[in-house]
$ cat structure-v2.pdb   # PDB, C-alpha atoms and all ligand atoms
ATOM      1  CA  MET A   1      26.891 197.896  61.697  1.00  0.00           C
ATOM      2  CA  THR A   2      24.121 199.993  60.203  1.00  0.00           C
ATOM      3  CA  PHE A   3      21.467 199.002  57.659  1.00  0.00           C
ATOM      4  CA  ASP A   4      18.954 201.351  56.040  1.00  0.00           C
ATOM      5  CA  VAL A   5      16.122 199.894  53.965  1.00  0.00           C
ATOM      6  CA  VAL A   6      14.182 202.107  51.548  1.00  0.00           C
ATOM      7  CA  THR A   7      10.785 200.652  50.619  1.00  0.00           C
ATOM      8  CA  ILE A   8       7.215 201.426  49.642  1.00  0.00           C
ATOM      9  CA  PHE A   9       6.129 198.809  52.240  1.00  0.00           C
ATOM     10  CA  PRO A  10       7.837 199.945  55.475  1.00  0.00           C
ATOM     11  CA  LYS A  11       5.351 198.127  57.722  1.00  0.00           C
ATOM     12  CA  MET A  12       6.106 194.801  56.058  1.00  0.00           C
ATOM     13  CA  VAL A  13       9.854 195.280  56.554  1.00  0.00           C
ATOM     14  CA  GLU A  14       9.498 196.558  60.147  1.00  0.00           C
ATOM     15  CA  ALA A  15       7.189 193.708  61.158  1.00  0.00           C
ATOM     16  CA  THR A  16       9.680 191.119  59.955  1.00  0.00           C
ATOM     17  CA  LEU A  17      12.637 192.808  61.641  1.00  0.00           C
ATOM     18  CA  ALA A  18      10.737 193.059  64.951  1.00  0.00           C
ATOM     19  CA  GLU A  19      11.388 189.414  65.892  1.00  0.00           C
ATOM     20  CA  GLY A  20      14.228 186.961  65.895  1.00  0.00           C
ATOM     21  CA  ILE A  21      17.999 187.051  66.089  1.00  0.00           C
ATOM     22  CA  VAL A  22      18.315 190.278  64.111  1.00  0.00           C
ATOM     23  CA  ALA A  23      15.800 192.047  66.386  1.00  0.00           C
ATOM     24  CA  ARG A  24      17.823 190.917  69.403  1.00  0.00           C
ATOM     25  CA  ALA A  25      21.009 192.253  67.788  1.00  0.00           C
ATOM     26  CA  VAL A  26      19.308 195.647  67.405  1.00  0.00           C
ATOM     27  CA  THR A  27      18.220 195.623  71.082  1.00  0.00           C
ATOM     28  CA  ARG A  28      21.768 194.758  72.116  1.00  0.00           C
ATOM     29  CA  GLY A  29      23.188 197.623  70.062  1.00  0.00           C
ATOM     30  CA  LEU A  30      25.218 195.421  67.694  1.00  0.00           C
ATOM     31  CA  VAL A  31      23.179 196.405  64.674  1.00  0.00           C
ATOM     32  CA  ASP A  32      21.165 199.519  63.840  1.00  0.00           C
ATOM     33  CA  ILE A  33      18.425 199.262  61.204  1.00  0.00           C
ATOM     34  CA  GLY A  34      16.495 202.175  59.723  1.00  0.00           C
ATOM     35  CA  VAL A  35      13.380 201.501  57.643  1.00  0.00           C
ATOM     36  CA  HIS A  36      12.345 204.371  55.380  1.00  0.00           C
ATOM     37  CA  ASP A  37       9.111 204.944  53.478  1.00  0.00           C
ATOM     38  CA  LEU A  38      10.034 205.962  49.930  1.00  0.00           C
ATOM     39  CA  ARG A  39       6.908 208.151  49.830  1.00  0.00           C
ATOM     40  CA  ASP A  40       8.404 210.362  52.555  1.00  0.00           C
ATOM     41  CA  PHE A  41      10.944 211.502  49.951  1.00  0.00           C
ATOM     42  CA  THR A  42       8.418 212.636  47.353  1.00  0.00           C
ATOM     43  CA  THR A  43       7.601 216.330  46.975  1.00  0.00           C
ATOM     44  CA  ASP A  44       4.169 216.177  45.331  1.00  0.00           C
ATOM     45  CA  ARG A  45       0.799 216.229  47.071  1.00  0.00           C
ATOM     46  CA  HIS A  46      -0.029 212.638  46.130  1.00  0.00           C
ATOM     47  CA  ARG A  47       3.366 211.198  47.137  1.00  0.00           C
ATOM     48  CA  VAL A  48       3.822 209.506  43.770  1.00  0.00           C
ATOM     49  CA  VAL A  49       6.795 207.119  43.561  1.00  0.00           C
ATOM     50  CA  ASP A  50       6.287 205.624  40.085  1.00  0.00           C
ATOM     51  CA  ASP A  51       5.476 206.605  36.517  1.00  0.00           C
ATOM     52  CA  VAL A  52       4.859 205.076  33.090  1.00  0.00           C
ATOM     53  CA  PRO A  53       7.920 203.804  31.195  1.00  0.00           C
ATOM     54  CA  PHE A  54       9.354 206.010  28.422  1.00  0.00           C
ATOM     55  CA  GLY A  55       8.871 204.163  25.139  1.00  0.00           C
ATOM     56  CA  GLY A  56       5.686 202.541  26.371  1.00  0.00           C
ATOM     57  CA  GLY A  57       5.033 199.074  27.677  1.00  0.00           C
ATOM     58  CA  PRO A  58       3.242 197.559  30.636  1.00  0.00           C
ATOM     59  CA  GLY A  59       3.752 198.350  34.310  1.00  0.00           C
ATOM     60  CA  MET A  60       5.070 201.306  36.226  1.00  0.00           C
ATOM     61  CA  VAL A  61       8.675 202.249  36.890  1.00  0.00           C
ATOM     62  CA  LEU A  62      10.048 203.641  40.173  1.00  0.00           C
ATOM     63  CA  LYS A  63      10.972 207.300  39.645  1.00  0.00           C
ATOM     64  CA  PRO A  64      14.561 208.313  40.348  1.00  0.00           C
ATOM     65  CA  GLU A  65      13.990 211.501  42.407  1.00  0.00           C
ATOM     66  CA  PRO A  66      12.573 209.939  45.619  1.00  0.00           C
ATOM     67  CA  LEU A  67      15.284 207.233  45.657  1.00  0.00           C
ATOM     68  CA  PHE A  68      18.112 209.765  45.184  1.00  0.00           C
ATOM     69  CA  ALA A  69      16.549 212.028  47.875  1.00  0.00           C
ATOM     70  CA  ALA A  70      16.214 209.082  50.287  1.00  0.00           C
ATOM     71  CA  VAL A  71      19.843 207.979  49.883  1.00  0.00           C
ATOM     72  CA  GLU A  72      21.103 211.564  50.235  1.00  0.00           C
ATOM     73  CA  ALA A  73      19.074 212.107  53.425  1.00  0.00           C
ATOM     74  CA  ILE A  74      20.140 208.749  54.893  1.00  0.00           C
ATOM     75  CA  CYS A  75      23.843 209.312  54.177  1.00  0.00           C
ATOM     76  CA  ALA A  76      23.704 212.837  55.633  1.00  0.00           C
ATOM     77  CA  LYS A  77      22.060 211.480  58.784  1.00  0.00           C
ATOM     78  CA  ARG A  78      24.517 208.579  59.131  1.00  0.00           C
ATOM     79  CA  SER A  79      27.537 210.862  59.341  1.00  0.00           C
ATOM     80  CA  ALA A  80      29.416 208.399  61.588  1.00  0.00           C
ATOM     81  CA  GLU A  81      29.496 205.905  58.708  1.00  0.00           C
ATOM     82  CA  THR A  82      32.059 206.819  56.067  1.00  0.00           C
ATOM     83  CA  ALA A  83      31.282 206.529  52.345  1.00  0.00           C
ATOM     84  CA  ALA A  84      34.362 204.338  51.840  1.00  0.00           C
ATOM     85  CA  ARG A  85      32.831 201.638  54.058  1.00  0.00           C
ATOM     86  CA  ARG A  86      29.299 201.837  52.656  1.00  0.00           C
ATOM     87  CA  SER A  87      27.382 200.023  49.913  1.00  0.00           C
ATOM     88  CA  ILE A  88      24.161 201.191  48.265  1.00  0.00           C
ATOM     89  CA  VAL A  89      22.499 197.936  47.220  1.00  0.00           C
ATOM     90  CA  LEU A  90      19.663 197.718  44.715  1.00  0.00           C
ATOM     91  CA  THR A  91      17.686 194.471  44.974  1.00  0.00           C
ATOM     92  CA  SER A  92      17.209 193.297  41.419  1.00  0.00           C
ATOM     93  CA  PRO A  93      16.761 190.044  39.476  1.00  0.00           C
ATOM     94  CA  ASP A  94      19.755 191.050  37.337  1.00  0.00           C
ATOM     95  CA  GLY A  95      22.075 191.607  40.290  1.00  0.00           C
ATOM     96  CA  GLU A  96      24.944 189.510  41.600  1.00  0.00           C
ATOM     97  CA  ARG A  97      23.623 186.337  43.217  1.00  0.00           C
ATOM     98  CA  LEU A  98      23.629 186.499  47.025  1.00  0.00           C
ATOM     99  CA  THR A  99      26.047 183.900  48.387  1.00  0.00           C
ATOM    100  CA  HIS A 100      27.843 183.428  51.693  1.00  0.00           C
ATOM    101  CA  GLU A 101      30.838 185.237  50.165  1.00  0.00           C
ATOM    102  CA  VAL A 102      28.721 188.271  49.212  1.00  0.00           C
ATOM    103  CA  ALA A 103      27.161 188.339  52.705  1.00  0.00           C
ATOM    104  CA  ALA A 104      30.629 188.145  54.290  1.00  0.00           C
ATOM    105  CA  ARG A 105      31.883 191.020  52.141  1.00  0.00           C
ATOM    106  CA  LEU A 106      28.928 193.216  53.151  1.00  0.00           C
ATOM    107  CA  SER A 107      29.302 192.287  56.844  1.00  0.00           C
ATOM    108  CA  ALA A 108      32.772 193.895  56.826  1.00  0.00           C
ATOM    109  CA  LEU A 109      31.235 197.282  55.908  1.00  0.00           C
ATOM    110  CA  ASP A 110      29.920 199.948  58.330  1.00  0.00           C
ATOM    111  CA  HIS A 111      26.793 200.857  56.390  1.00  0.00           C
ATOM    112  CA  VAL A 112      24.568 198.997  53.924  1.00  0.00           C
ATOM    113  CA  VAL A 113      21.689 200.916  52.334  1.00  0.00           C
ATOM    114  CA  ILE A 114      19.202 198.631  50.575  1.00  0.00           C
ATOM    115  CA  LEU A 115      16.872 200.007  47.925  1.00  0.00           C
ATOM    116  CA  CYS A 116      13.877 197.731  47.367  1.00  0.00           C
ATOM    117  CA  GLY A 117      13.233 197.489  43.674  1.00  0.00           C
ATOM    118  CA  ARG A 118       9.984 196.376  42.201  1.00  0.00           C
ATOM    119  CA  TYR A 119       9.103 193.822  39.572  1.00  0.00           C
ATOM    120  CA  GLU A 120       7.996 196.287  36.898  1.00  0.00           C
ATOM    121  CA  GLY A 121      11.288 198.125  37.140  1.00  0.00           C
ATOM    122  CA  VAL A 122      13.380 200.941  38.565  1.00  0.00           C
ATOM    123  CA  ASP A 123      14.652 203.900  36.538  1.00  0.00           C
ATOM    124  CA  GLU A 124      18.052 202.766  35.196  1.00  0.00           C
ATOM    125  CA  ARG A 125      19.744 205.945  36.470  1.00  0.00           C
ATOM    126  CA  VAL A 126      19.295 204.538  39.986  1.00  0.00           C
ATOM    127  CA  ARG A 127      21.197 201.385  39.002  1.00  0.00           C
ATOM    128  CA  GLU A 128      23.931 203.310  37.177  1.00  0.00           C
ATOM    129  CA  HIS A 129      24.465 206.427  39.301  1.00  0.00           C
ATOM    130  CA  LEU A 130      23.046 205.788  42.787  1.00  0.00           C
ATOM    131  CA  ALA A 131      23.424 202.091  43.626  1.00  0.00           C
ATOM    132  CA  THR A 132      26.971 200.842  44.039  1.00  0.00           C
ATOM    133  CA  GLU A 133      25.862 197.262  43.389  1.00  0.00           C
ATOM    134  CA  ALA A 134      22.787 195.151  42.600  1.00  0.00           C
ATOM    135  CA  ILE A 135      22.002 191.877  44.360  1.00  0.00           C
ATOM    136  CA  SER A 136      19.612 189.049  43.416  1.00  0.00           C
ATOM    137  CA  ILE A 137      18.556 186.340  45.873  1.00  0.00           C
ATOM    138  CA  GLY A 138      17.724 183.849  43.130  1.00  0.00           C
ATOM    139  CA  ASP A 139      16.063 183.166  39.820  1.00  0.00           C
ATOM    140  CA  TYR A 140      12.378 183.555  40.503  1.00  0.00           C
ATOM    141  CA  VAL A 141       9.970 186.409  40.010  1.00  0.00           C
ATOM    142  CA  LEU A 142       9.024 188.419  43.088  1.00  0.00           C
ATOM    143  CA  SER A 143       6.676 191.376  43.219  1.00  0.00           C
ATOM    144  CA  GLY A 144       9.190 193.571  44.975  1.00  0.00           C
ATOM    145  CA  GLY A 145      12.581 193.809  46.615  1.00  0.00           C
ATOM    146  CA  GLU A 146      11.308 193.780  50.209  1.00  0.00           C
ATOM    147  CA  LEU A 147      11.797 190.053  50.809  1.00  0.00           C
ATOM    148  CA  PRO A 148      15.245 190.127  49.148  1.00  0.00           C
ATOM    149  CA  ALA A 149      16.176 193.106  51.388  1.00  0.00           C
ATOM    150  CA  LEU A 150      15.133 191.121  54.474  1.00  0.00           C
ATOM    151  CA  VAL A 151      17.093 188.084  53.300  1.00  0.00           C
ATOM    152  CA  ILE A 152      20.188 190.251  52.794  1.00  0.00           C
ATOM    153  CA  VAL A 153      19.844 191.897  56.250  1.00  0.00           C
ATOM    154  CA  ASP A 154      19.442 188.486  57.915  1.00  0.00           C
ATOM    155  CA  ALA A 155      22.352 186.821  56.099  1.00  0.00           C
ATOM    156  CA  VAL A 156      24.692 189.796  56.654  1.00  0.00           C
ATOM    157  CA  ALA A 157      23.719 190.617  60.269  1.00  0.00           C
ATOM    158  CA  ARG A 158      24.341 186.982  61.341  1.00  0.00           C
ATOM    159  CA  LEU A 159      27.980 187.429  60.329  1.00  0.00           C
ATOM    160  CA  VAL A 160      28.472 190.514  62.538  1.00  0.00           C
ATOM    161  CA  PRO A 161      30.501 189.382  65.574  1.00  0.00           C
ATOM    162  CA  GLY A 162      28.277 188.718  68.597  1.00  0.00           C
ATOM    163  CA  VAL A 163      24.950 188.660  66.731  1.00  0.00           C
ATOM    164  CA  VAL A 164      24.693 184.864  66.843  1.00  0.00           C
ATOM    165  CA  GLY A 165      25.233 183.755  70.446  1.00  0.00           C
ATOM    166  CA  ASP A 166      27.293 180.659  69.704  1.00  0.00           C
ATOM    167  CA  GLU A 167      30.099 181.665  67.341  1.00  0.00           C
ATOM    168  CA  ALA A 168      30.698 177.965  66.511  1.00  0.00           C
ATOM    169  CA  SER A 169      27.218 177.739  65.040  1.00  0.00           C
ATOM    170  CA  VAL A 170      28.148 180.497  62.557  1.00  0.00           C
ATOM    171  CA  THR A 171      31.538 179.086  61.542  1.00  0.00           C
ATOM    172  CA  GLY A 172      30.106 175.538  61.561  1.00  0.00           C
ATOM    173  CA  ASP A 173      27.166 176.416  59.324  1.00  0.00           C
ATOM    174  CA  THR A 174      26.521 175.067  55.853  1.00  0.00           C
ATOM    175  CA  PHE A 175      28.594 177.068  53.340  1.00  0.00           C
ATOM    176  CA  ALA A 176      30.632 178.813  56.029  1.00  0.00           C
ATOM    177  CA  ARG A 177      32.355 175.547  57.049  1.00  0.00           C
ATOM    178  CA  ASP A 178      33.590 174.058  53.793  1.00  0.00           C
ATOM    179  CA  GLY A 179      30.899 174.739  51.225  1.00  0.00           C
ATOM    180  CA  LEU A 180      29.126 171.461  52.069  1.00  0.00           C
ATOM    181  CA  LEU A 181      25.557 170.992  53.235  1.00  0.00           C
ATOM    182  CA  ASP A 182      25.016 170.316  56.937  1.00  0.00           C
ATOM    183  CA  TYR A 183      25.022 166.779  58.338  1.00  0.00           C
ATOM    184  CA  PRO A 184      21.689 165.429  59.726  1.00  0.00           C
ATOM    185  CA  GLN A 185      20.821 166.557  63.254  1.00  0.00           C
ATOM    186  CA  TYR A 186      18.780 164.664  65.862  1.00  0.00           C
ATOM    187  CA  THR A 187      17.581 165.416  69.370  1.00  0.00           C
ATOM    188  CA  ARG A 188      15.707 163.467  72.039  1.00  0.00           C
ATOM    189  CA  PRO A 189      13.937 161.093  72.115  1.00  0.00           C
ATOM    190  CA  ALA A 190      16.403 158.480  70.823  1.00  0.00           C
ATOM    191  CA  GLU A 191      13.429 156.566  69.444  1.00  0.00           C
ATOM    192  CA  PHE A 192      10.246 158.255  68.191  1.00  0.00           C
ATOM    193  CA  ARG A 193       7.373 156.220  66.717  1.00  0.00           C
ATOM    194  CA  GLY A 194       9.822 153.468  65.876  1.00  0.00           C
ATOM    195  CA  MET A 195      12.255 155.868  64.156  1.00  0.00           C
ATOM    196  CA  ARG A 196      15.680 155.518  65.718  1.00  0.00           C
ATOM    197  CA  VAL A 197      18.522 158.032  65.911  1.00  0.00           C
ATOM    198  CA  PRO A 198      21.665 156.620  64.205  1.00  0.00           C
ATOM    199  CA  PRO A 199      23.414 154.612  66.978  1.00  0.00           C
ATOM    200  CA  VAL A 200      26.830 156.227  66.328  1.00  0.00           C
ATOM    201  CA  LEU A 201      25.456 159.524  67.678  1.00  0.00           C
ATOM    202  CA  LEU A 202      24.598 157.815  70.994  1.00  0.00           C
ATOM    203  CA  SER A 203      27.954 156.009  71.189  1.00  0.00           C
ATOM    204  CA  GLY A 204      30.016 158.791  72.734  1.00  0.00           C
ATOM    205  CA  HIS A 205      32.877 158.054  70.277  1.00  0.00           C
ATOM    206  CA  HIS A 206      33.689 161.592  69.190  1.00  0.00           C
ATOM    207  CA  ALA A 207      36.103 160.631  66.411  1.00  0.00           C
ATOM    208  CA  GLU A 208      33.530 158.246  64.914  1.00  0.00           C
ATOM    209  CA  ILE A 209      30.789 160.851  65.210  1.00  0.00           C
ATOM    210  CA  GLU A 210      32.982 163.368  63.359  1.00  0.00           C
ATOM    211  CA  LYS A 211      33.730 160.812  60.627  1.00  0.00           C
ATOM    212  CA  TRP A 212      30.034 159.928  60.265  1.00  0.00           C
ATOM    213  CA  ARG A 213      29.025 163.605  60.050  1.00  0.00           C
ATOM    214  CA  ARG A 214      31.653 164.326  57.406  1.00  0.00           C
ATOM    215  CA  GLU A 215      30.471 161.333  55.308  1.00  0.00           C
ATOM    216  CA  GLN A 216      26.839 162.392  55.682  1.00  0.00           C
ATOM    217  CA  ALA A 217      27.610 165.998  54.707  1.00  0.00           C
ATOM    218  CA  LEU A 218      29.530 164.803  51.636  1.00  0.00           C
ATOM    219  CA  GLU A 219      26.831 162.316  50.603  1.00  0.00           C
ATOM    220  CA  ARG A 220      24.017 164.838  51.011  1.00  0.00           C
ATOM    221  CA  THR A 221      25.936 167.407  49.034  1.00  0.00           C
ATOM    222  CA  ARG A 222      26.701 164.889  46.262  1.00  0.00           C
ATOM    223  CA  ARG A 223      23.035 163.907  46.105  1.00  0.00           C
ATOM    224  CA  HIS A 224      21.289 167.262  46.449  1.00  0.00           C
ATOM    225  CA  ARG A 225      23.863 169.917  45.463  1.00  0.00           C
ATOM    226  CA  PRO A 226      26.657 168.427  43.335  1.00  0.00           C
ATOM    227  CA  ASP A 227      27.408 171.963  42.118  1.00  0.00           C
ATOM    228  CA  LEU A 228      28.715 172.782  45.613  1.00  0.00           C
ATOM    229  CA  LEU A 229      31.253 169.925  45.520  1.00  0.00           C
ATOM    230  CA  LYS A 230      32.969 171.422  42.484  1.00  0.00           C
ATOM    231  CA  LYS A 231      33.357 174.654  44.453  1.00  0.00           C
ATOM    232  CA  SER A 232      34.691 173.061  47.667  1.00  0.00           C
TER     233      SER A 232
HETATM  234  C1  LIG B 301      13.119 193.291  43.066  1.00  0.00           C
HETATM  235  N1  LIG B 301      12.192 189.603  41.466  1.00  0.00           N
HETATM  236  O1  LIG B 301      14.381 188.616  42.639  1.00  0.00           O
HETATM  237  C2  LIG B 301      15.416 187.859  43.078  1.00  0.00           C
HETATM  238  N2  LIG B 301      16.250 188.617  43.755  1.00  0.00           N
HETATM  239  C3  LIG B 301      15.748 189.865  43.761  1.00  0.00           C
HETATM  240  C4  LIG B 301      14.573 189.854  43.048  1.00  0.00           C
HETATM  241  C5  LIG B 301      13.670 190.975  42.779  1.00  0.00           C
HETATM  242  C6  LIG B 301      12.508 190.814  42.002  1.00  0.00           C
HETATM  243  C7  LIG B 301      11.665 191.901  41.773  1.00  0.00           C
HETATM  244  C8  LIG B 301      11.977 193.121  42.318  1.00  0.00           C
HETATM  245  C9  LIG B 301      13.964 192.220  43.308  1.00  0.00           C
END
$ encode --input "structure-v2.pdb" --output "structure tokens"
Amino acid sequence: MTFDVVTIFPKMVEATLAEGIVARAVTRGLVDIGVHDLRDFTTDRHRVVDDVPFGGGPGMVLKPEPLFAAVEAICAKRSAETAARRSIVLTSPDGERLTHEVAARLSALDHVVILCGRYEGVDERVREHLATEAISIGDYVLSGGELPALVIVDAVARLVPGVVGDEASVTGDTFARDGLLDYPQYTRPAEFRGMRVPPVLLSGHHAEIEKWRREQALERTRRHRPDLLKKS
């Protein structure tokens, strides 16, 4: 699976993608990720990517030309990936909320191009005529779409077969399993500073352990995320 990220902060995106499970997936050839500096697609001497908004108002707006040029160059270069199995994602606070289902849908594609928006705005023609969808990672204000792009790459790449070593840890994850939060996990030592691991986990009774975990997952979900119970 191929990702291309278009950003005005390529070093920030590259640095984050250089470590961890996604980096290992790139090394192993399961995932290919291109990071592109939006300024490389400008044609003026000063490599200007933004301009004042028509109609006035505060802030600067990302110009359409460099974003269109970047997507056109990327799609021409990625000729192995067909347009039918590609999404051009704009990161935006007004996009569809990123969920496990959205990540799973994207992970079935060959090519995901992510355009990092910015807080002040992106020319609406990018949203309407270049992006095929817009995605939000949640209701808070960020200064740019770089962190959302990294969140999307991480969530989607994990669902590509082979990226996460233990397949059971993907299918057993929160949300993937049954839309419930995870049960509490413990490791050695069995007692730490007087805090004991629940005895059932040391009992070796697998059926009882399963029952306990299910109850814990349900109780945690009821307490912290009742909205998820309605869904599951
Ligand atoms: C580009 N706040 O916020 C939440 N998901 C995406 C965003 C976002 C933002 C500003 C710029 C994306």
$ residues_around --input "structure-v2.pdb" --residues "Arg39 in chain A" --least-positions-apart "4" --cutoff "9 Å" --atoms "all atoms listed in the file" --output "list in words"
Thr7, Ile8, Thr43, Arg47, Val48, Val49 and Pro66 of chain A
$ residues_around --input "structure-v2.pdb" --residues "range 104-110 of chain A" --least-positions-apart "3" --cutoff "7 Å" --atoms "all atoms listed in the file" --output "ChimeraX atom specification"
/A:1-2,81,85-86,100-101,156-157,159-160
$ residues_near_point --input "structure-v2.pdb" --point "(27.3, 199.9, 46.8)" --cutoff "12 Å" --atoms "all atoms listed in the file" --output "PyMOL selection string"
chain A and resi 71+83-91+95-96+102+105-106+109-115+126-135
$ residues_around --input "structure-v2.pdb" --residues "Leu62 in chain A" --least-positions-apart "5" --cutoff "6 Å" --atoms "only C-alpha atoms" --output "PyMOL selection string"
chain A and resi 49-50+122-123
$ axis_aligned_box --input "structure-v2.pdb" --around "ligand LIG 301 (chain B)" --padding-each-side "6 Å" --output "AutoDock Vina command-line options"
--center_x 14.0 --center_y 190.6 --center_z 42.6 --size_x 16.6 --size_y 17.4 --size_z 14.3
$ closest_residue --input "structure-v2.pdb" --among "A:Pro64, A:Gly179, A:Pro10, A:Gly121" --to "ligand LIG 301 (chain B)" --atoms "all atoms listed in the file"
A:Gly121
$ closest_atom_pairs --input "structure-v2.pdb" --of "chain A" --to "ligand LIG 301 (chain B)" --cutoff "8 Å" --atoms "only C-alpha atoms and all ligand atoms" --output "JSON lines"
{"residue": "A:Thr91", "atom": "CA", "partner": "B:LIG301", "partner_atom": "C9", "distance": 4.7}
{"residue": "A:Ser92", "atom": "CA", "partner": "B:LIG301", "partner_atom": "C9", "distance": 3.9}
{"residue": "A:Pro93", "atom": "CA", "partner": "B:LIG301", "partner_atom": "C4", "distance": 4.2}
{"residue": "A:Asp94", "atom": "CA", "partner": "B:LIG301", "partner_atom": "C3", "distance": 7.7}
{"residue": "A:Gly95", "atom": "CA", "partner": "B:LIG301", "partner_atom": "N2", "distance": 7.4}
{"residue": "A:Arg97", "atom": "CA", "partner": "B:LIG301", "partner_atom": "N2", "distance": 7.7}
{"residue": "A:Cys116", "atom": "CA", "partner": "B:LIG301", "partner_atom": "C1", "distance": 6.2}
{"residue": "A:Gly117", "atom": "CA", "partner": "B:LIG301", "partner_atom": "C1", "distance": 4.2}
{"residue": "A:Arg118", "atom": "CA", "partner": "B:LIG301", "partner_atom": "C8", "distance": 3.8}
{"residue": "A:Tyr119", "atom": "CA", "partner": "B:LIG301", "partner_atom": "C7", "distance": 3.9}
{"residue": "A:Glu120", "atom": "CA", "partner": "B:LIG301", "partner_atom": "C8", "distance": 7.4}
{"residue": "A:Gly121", "atom": "CA", "partner": "B:LIG301", "partner_atom": "C8", "distance": 7.2}
{"residue": "A:Ile135", "atom": "CA", "partner": "B:LIG301", "partner_atom": "C3", "distance": 6.6}
{"residue": "A:Ser136", "atom": "CA", "partner": "B:LIG301", "partner_atom": "N2", "distance": 3.4}
{"residue": "A:Ile137", "atom": "CA", "partner": "B:LIG301", "partner_atom": "N2", "distance": 3.9}
{"residue": "A:Gly138", "atom": "CA", "partner": "B:LIG301", "partner_atom": "C2", "distance": 4.6}
{"residue": "A:Asp139", "atom": "CA", "partner": "B:LIG301", "partner_atom": "C2", "distance": 5.7}
{"residue": "A:Tyr140", "atom": "CA", "partner": "B:LIG301", "partner_atom": "O1", "distance": 5.8}
{"residue": "A:Val141", "atom": "CA", "partner": "B:LIG301", "partner_atom": "N1", "distance": 4.2}
{"residue": "A:Leu142", "atom": "CA", "partner": "B:LIG301", "partner_atom": "N1", "distance": 3.8}
{"residue": "A:Ser143", "atom": "CA", "partner": "B:LIG301", "partner_atom": "C7", "distance": 5.2}
{"residue": "A:Gly144", "atom": "CA", "partner": "B:LIG301", "partner_atom": "C8", "distance": 3.9}
{"residue": "A:Gly145", "atom": "CA", "partner": "B:LIG301", "partner_atom": "C1", "distance": 3.6}
{"residue": "A:Glu146", "atom": "CA", "partner": "B:LIG301", "partner_atom": "C1", "distance": 7.4}
{"residue": "A:Pro148", "atom": "CA", "partner": "B:LIG301", "partner_atom": "C3", "distance": 5.4}
$ closest_residue --input "structure-v2.pdb" --among "A:Pro161, A:Leu218, A:Ala149, A:Val22" --to "Asp182 in chain A" --atoms "only C-alpha atoms"
A:Leu218
$ residues_near_point --input "structure-v2.pdb" --point "(12.2, 198.9, 61.0)" --cutoff "6 Å" --atoms "all atoms listed in the file" --output "ChimeraX atom specification"
/A:14,34-35
$ resolve_selection --input "structure-v2.pdb" --expression "the PyMOL selection byres (((chain A and resi 187) around 12) and not hetatm)" --output "list of chain:residue names"
A:Pro184, A:Gln185, A:Tyr186, A:Arg188, A:Pro189, A:Ala190, A:Glu191, A:Phe192, A:Arg196, A:Val197, A:Pro198, A:Leu201, A:Leu202
$ write_last_selection --input "structure-v2.pdb" --atoms "C-alpha atoms" --output "mmCIF file, in the coordinates of the input"
data_model
loop_
_atom_site.group_PDB
_atom_site.id
_atom_site.type_symbol
_atom_site.label_atom_id
_atom_site.label_comp_id
_atom_site.auth_asym_id
_atom_site.auth_seq_id
_atom_site.Cartn_x
_atom_site.Cartn_y
_atom_site.Cartn_z
ATOM 1 C CA PRO A 184 21.689 165.429 59.726
ATOM 2 C CA GLN A 185 20.821 166.557 63.254
ATOM 3 C CA TYR A 186 18.780 164.664 65.862
ATOM 4 C CA ARG A 188 15.707 163.467 72.039
ATOM 5 C CA PRO A 189 13.937 161.093 72.115
ATOM 6 C CA ALA A 190 16.403 158.480 70.823
ATOM 7 C CA GLU A 191 13.429 156.566 69.444
ATOM 8 C CA PHE A 192 10.246 158.255 68.191
ATOM 9 C CA ARG A 196 15.680 155.518 65.718
ATOM 10 C CA VAL A 197 18.522 158.032 65.911
ATOM 11 C CA PRO A 198 21.665 156.620 64.205
ATOM 12 C CA LEU A 201 25.456 159.524 67.678
ATOM 13 C CA LEU A 202 24.598 157.815 70.994
#
$ atom_distance --input "structure-v2.pdb" --atom1 "CA of Thr42 in chain A" --atom2 "CA of Val13 in chain A"
19.7 Å
$ atom_distance --input "structure-v2.pdb" --atom1 "CA of Ala15 in chain A" --atom2 "CA of Leu150 in chain A"
10.7 Å
$ atom_distance --input "structure-v2.pdb" --atom1 "CA of Asp40 in chain A" --atom2 "CA of Asp4 in chain A"
14.3 Å
$ closest_residue --input "structure-v2.pdb" --among "A:His206, A:Arg223, A:Arg214, A:Arg158" --to "Ala23 in chain A" --atoms "all atoms listed in the file"
A:Arg158
$ closest_residue --input "structure-v2.pdb" --among "A:Phe3, A:Phe68, A:Phe54, A:Tyr183" --to "Asp32 in chain A" --atoms "all atoms listed in the file"
A:Phe3
